[in-house]
Amino acid sequence: RVYNAMISYMAGALGKPHDATELLVTILAEYGIRFPNRKGSRLVSTVSGALKAKRRISSIRLEDIANMSLMEDPVHLETMRLLDQLFLAAYLAKSDLMPLAVFASARLTLEHGLSEYSGTAFASLALLLGAALGDTKLASKTGSFARLAMSKVDCKNGNARAELFLDAFVFCWTEPITNMTNPLLRAYQTGLSVGDTENACWVSMLCGVDCVS
């Protein structure tokens, strides 16, 4: 928990997301999650991870996610939390570790069960599959996994972010815009209730809610 506060402070108030990213990489190595140090190796791992994720997701049905057990191992749960923090810090630092954090989170979920971070992991993976790889069909399928995971496990802290990814970058290509209104409104309200005002405001722009008033 000390690390949690330190990392949030470094990435946010201190404006040093790169330092937060490096610290998270060091901590995650102690949990058995290791990332390449060199940019070339990270690029290879990213391409390999994307191809593996596509194959894995293609073979999974929605029923498989519905029947998935909940993650209970405290080490795995903490690892998922740290990977979620790494995703956010890497995004702020414009680091090439961001997709690797997503692949690791999705893999951990598929191997060990659903946690409160699984919804955002699937939503982030759906974003990468759609926006980066152009596979909108598989991205939509992965987005359905994200929503199902969020319905099975309390994911309030990441709900607004997940819905922002899903509706702005995933389902917008495959579903009518009217299908997004209710999920966005729920995400907006949930984001405000847990203090995630940044993502709640971004969501409000998509669903037409005046976040100022």
# chains A, B, ... in the order shown; residues from 1 in each chain; ligands from 1

$ residues_around --residues "range 103-114 of chain A" --least-positions-apart "6" --cutoff "10 Å" --atoms "only C-alpha atoms" --output "short mmCIF file (atom, residue, chain, number, x, y, z; two decimals) with C-alpha atoms, in the first residue's frame"
data_model
loop_
_atom_site.label_atom_id
_atom_site.label_comp_id
_atom_site.auth_asym_id
_atom_site.auth_seq_id
_atom_site.Cartn_x
_atom_site.Cartn_y
_atom_site.Cartn_z
CA ILE A 33 6.05 -10.45 -14.36
CA ARG A 34 9.10 -9.34 -16.31
CA PHE A 35 9.39 -7.03 -19.31
CA SER A 45 7.32 -8.76 -27.47
CA THR A 46 4.50 -6.38 -28.44
CA GLY A 49 1.86 -10.53 -27.64
CA ALA A 50 -0.65 -9.09 -30.08
CA LYS A 52 -0.94 -14.49 -29.25
CA ALA A 53 -3.81 -12.39 -27.89
CA ARG A 56 -6.35 -16.75 -27.71
CA ILE A 57 -9.36 -14.44 -27.90
CA ILE A 60 -12.76 -18.14 -26.42
CA ASP A 64 -16.32 -19.28 -21.22
CA ILE A 65 -16.05 -15.85 -19.59
CA ALA A 66 -19.48 -16.29 -17.97
CA ASN A 67 -18.35 -19.58 -16.41
CA MET A 68 -14.95 -18.28 -15.34
CA SER A 69 -14.21 -18.44 -11.64
CA LEU A 70 -13.15 -15.44 -9.59
CA MET A 71 -9.49 -14.76 -8.90
CA GLU A 72 -8.74 -15.48 -5.24
CA ASP A 73 -4.97 -15.71 -4.89
CA HIS A 76 -2.44 -12.60 -8.46
CA LEU A 77 -4.87 -9.93 -7.29
CA THR A 79 -0.29 -8.32 -9.62
CA MET A 80 -3.45 -7.28 -11.50
CA ARG A 81 -3.60 -4.04 -9.52
CA LEU A 82 0.04 -3.28 -10.26
CA LEU A 83 -0.43 -4.02 -13.97
CA ASP A 84 -3.38 -1.63 -14.05
CA PHE A 87 -0.92 0.76 -17.88
CA THR A 120 -10.48 -2.76 -17.80
CA ALA A 121 -7.93 -5.34 -19.00
CA PHE A 122 -10.34 -6.70 -21.62
CA ALA A 123 -11.47 -3.18 -22.56
CA SER A 124 -7.86 -2.08 -23.06
CA LEU A 125 -7.14 -5.19 -25.11
CA LEU A 128 -5.58 -2.33 -29.03
CA ALA A 149 -16.48 -9.26 -16.55
CA MET A 150 -17.66 -5.93 -15.13
CA LYS A 152 -19.67 -10.33 -12.62
CA VAL A 153 -17.13 -8.45 -10.50
#

$ atom_distance --atom1 "CA of Leu185 in chain A" --atom2 "CA of Leu133 in chain A"
28.4 Å

$ residues_around --residues "Asn159 in chain A" --least-positions-apart "3" --cutoff "9 Å" --atoms "only C-alpha atoms" --output "MDAnalysis selection string"
chainID A and resid 119:120 150 154:156 162:164 186:188 190:191

$ write_last_selection --atoms "N, CA, C and O atoms" --output "CSV table (one decimal), in the first residue's frame"
chain,number,residue,atom,x,y,z
A,119,GLY,N,-12.2,-6.3,-16.2
A,119,GLY,CA,-13.0,-5.5,-17.1
A,119,GLY,C,-12.2,-4.5,-17.9
A,119,GLY,O,-12.2,-4.4,-19.1
A,120,THR,N,-11.3,-3.8,-17.1
A,120,THR,CA,-10.5,-2.8,-17.8
A,120,THR,C,-9.4,-3.4,-18.6
A,120,THR,O,-9.0,-2.9,-19.7
A,150,MET,N,-17.2,-7.0,-16.0
A,150,MET,CA,-17.7,-5.9,-15.1
A,150,MET,C,-19.0,-6.2,-14.5
A,150,MET,O,-19.3,-5.7,-13.4
A,154,ASP,N,-17.2,-6.5,-9.1
A,154,ASP,CA,-17.3,-5.0,-8.9
A,154,ASP,C,-16.1,-4.3,-9.4
A,154,ASP,O,-15.0,-4.5,-8.9
A,155,CYS,N,-16.3,-3.6,-10.5
A,155,CYS,CA,-15.1,-2.9,-11.2
A,155,CYS,C,-15.3,-1.4,-11.2
A,155,CYS,O,-15.0,-0.7,-12.1
A,156,LYS,N,-15.9,-0.9,-10.1
A,156,LYS,CA,-16.3,0.5,-10.1
A,156,LYS,C,-15.1,1.5,-10.4
A,156,LYS,O,-15.3,2.5,-11.1
A,162,ALA,N,-13.1,2.0,-18.7
A,162,ALA,CA,-13.4,0.8,-19.5
A,162,ALA,C,-14.5,1.2,-20.6
A,162,ALA,O,-14.4,0.9,-21.8
A,163,GLU,N,-15.6,1.9,-20.1
A,163,GLU,CA,-16.7,2.2,-21.0
A,163,GLU,C,-16.2,3.3,-22.0
A,163,GLU,O,-16.7,3.3,-23.1
A,164,LEU,N,-15.3,4.2,-21.6
A,164,LEU,CA,-14.8,5.2,-22.5
A,164,LEU,C,-14.1,4.5,-23.6
A,164,LEU,O,-14.3,4.8,-24.8
A,186,ARG,N,-24.3,5.1,-17.0
A,186,ARG,CA,-23.9,4.4,-15.8
A,186,ARG,C,-22.4,4.6,-15.5
A,186,ARG,O,-22.1,4.7,-14.3
A,187,ALA,N,-21.6,4.6,-16.5
A,187,ALA,CA,-20.2,4.8,-16.3
A,187,ALA,C,-19.9,6.1,-15.8
A,187,ALA,O,-19.0,6.3,-14.9
A,188,TYR,N,-20.6,7.1,-16.3
A,188,TYR,CA,-20.4,8.5,-15.8
A,188,TYR,C,-20.8,8.6,-14.3
A,188,TYR,O,-20.0,9.2,-13.5
A,190,THR,N,-20.9,6.2,-12.1
A,190,THR,CA,-20.0,5.4,-11.3
A,190,THR,C,-18.7,6.1,-11.2
A,190,THR,O,-18.1,6.1,-10.1
A,191,GLY,N,-18.2,6.7,-12.2
A,191,GLY,CA,-16.9,7.4,-12.2
A,191,GLY,C,-17.0,8.6,-11.2
A,191,GLY,O,-16.0,8.7,-10.4

$ residues_around --residues "Leu86 in chain A" --least-positions-apart "6" --cutoff "10 Å" --atoms "only C-alpha atoms" --output "list in words"
Ile7, Pro17, Ala20, Thr21, Glu22, Leu23, Leu24, Val25, Leu28, Met80, Leu92, Ser95, Leu97, Met98, Leu100, Ala101 and Val102 of chain A

$ closest_residue --among "A:Ser115, A:Thr136, A:Leu129, A:Cys172" --to "Leu51 in chain A" --atoms "only C-alpha atoms"
A:Leu129

$ select_by_dssp --residues "range 22-199 of chain A" --states "alpha helix (DSSP H)" --output "ChimeraX atom specification"
/A:22-30,39-58,62-66,74-93,98-112,118-127,136-152,156-165,181-193,197-199

$ atom_distance --atom1 "CA of Asp135 in chain A" --atom2 "CA of Pro36 in chain A"
26.2 Å

$ residues_around --residues "Thr142 in chain A" --least-positions-apart "3" --cutoff "6 Å" --atoms "only C-alpha atoms" --output "ChimeraX atom specification"
/A:126,139,145

$ write_last_selection --atoms "N, CA, C and O atoms" --output "mmCIF file, in the first residue's frame"
data_model
loop_
_atom_site.group_PDB
_atom_site.id
_atom_site.type_symbol
_atom_site.label_atom_id
_atom_site.label_comp_id
_atom_site.auth_asym_id
_atom_site.auth_seq_id
_atom_site.Cartn_x
_atom_site.Cartn_y
_atom_site.Cartn_z
ATOM 1 N N ALA A 126 -9.315 -4.763 -26.106
ATOM 2 C CA ALA A 126 -10.232 -4.497 -27.222
ATOM 3 C C ALA A 126 -9.818 -3.237 -27.973
ATOM 4 O O ALA A 126 -9.860 -3.189 -29.207
ATOM 5 N N ALA A 139 -12.215 -7.059 -31.774
ATOM 6 C CA ALA A 139 -12.248 -6.037 -30.731
ATOM 7 C C ALA A 139 -13.628 -5.984 -30.083
ATOM 8 O O ALA A 139 -13.747 -5.872 -28.856
ATOM 9 N N PHE A 145 -16.514 -9.311 -23.684
ATOM 10 C CA PHE A 145 -15.891 -9.962 -22.526
ATOM 11 C C PHE A 145 -15.722 -8.952 -21.385
ATOM 12 O O PHE A 145 -15.935 -9.275 -20.216
#
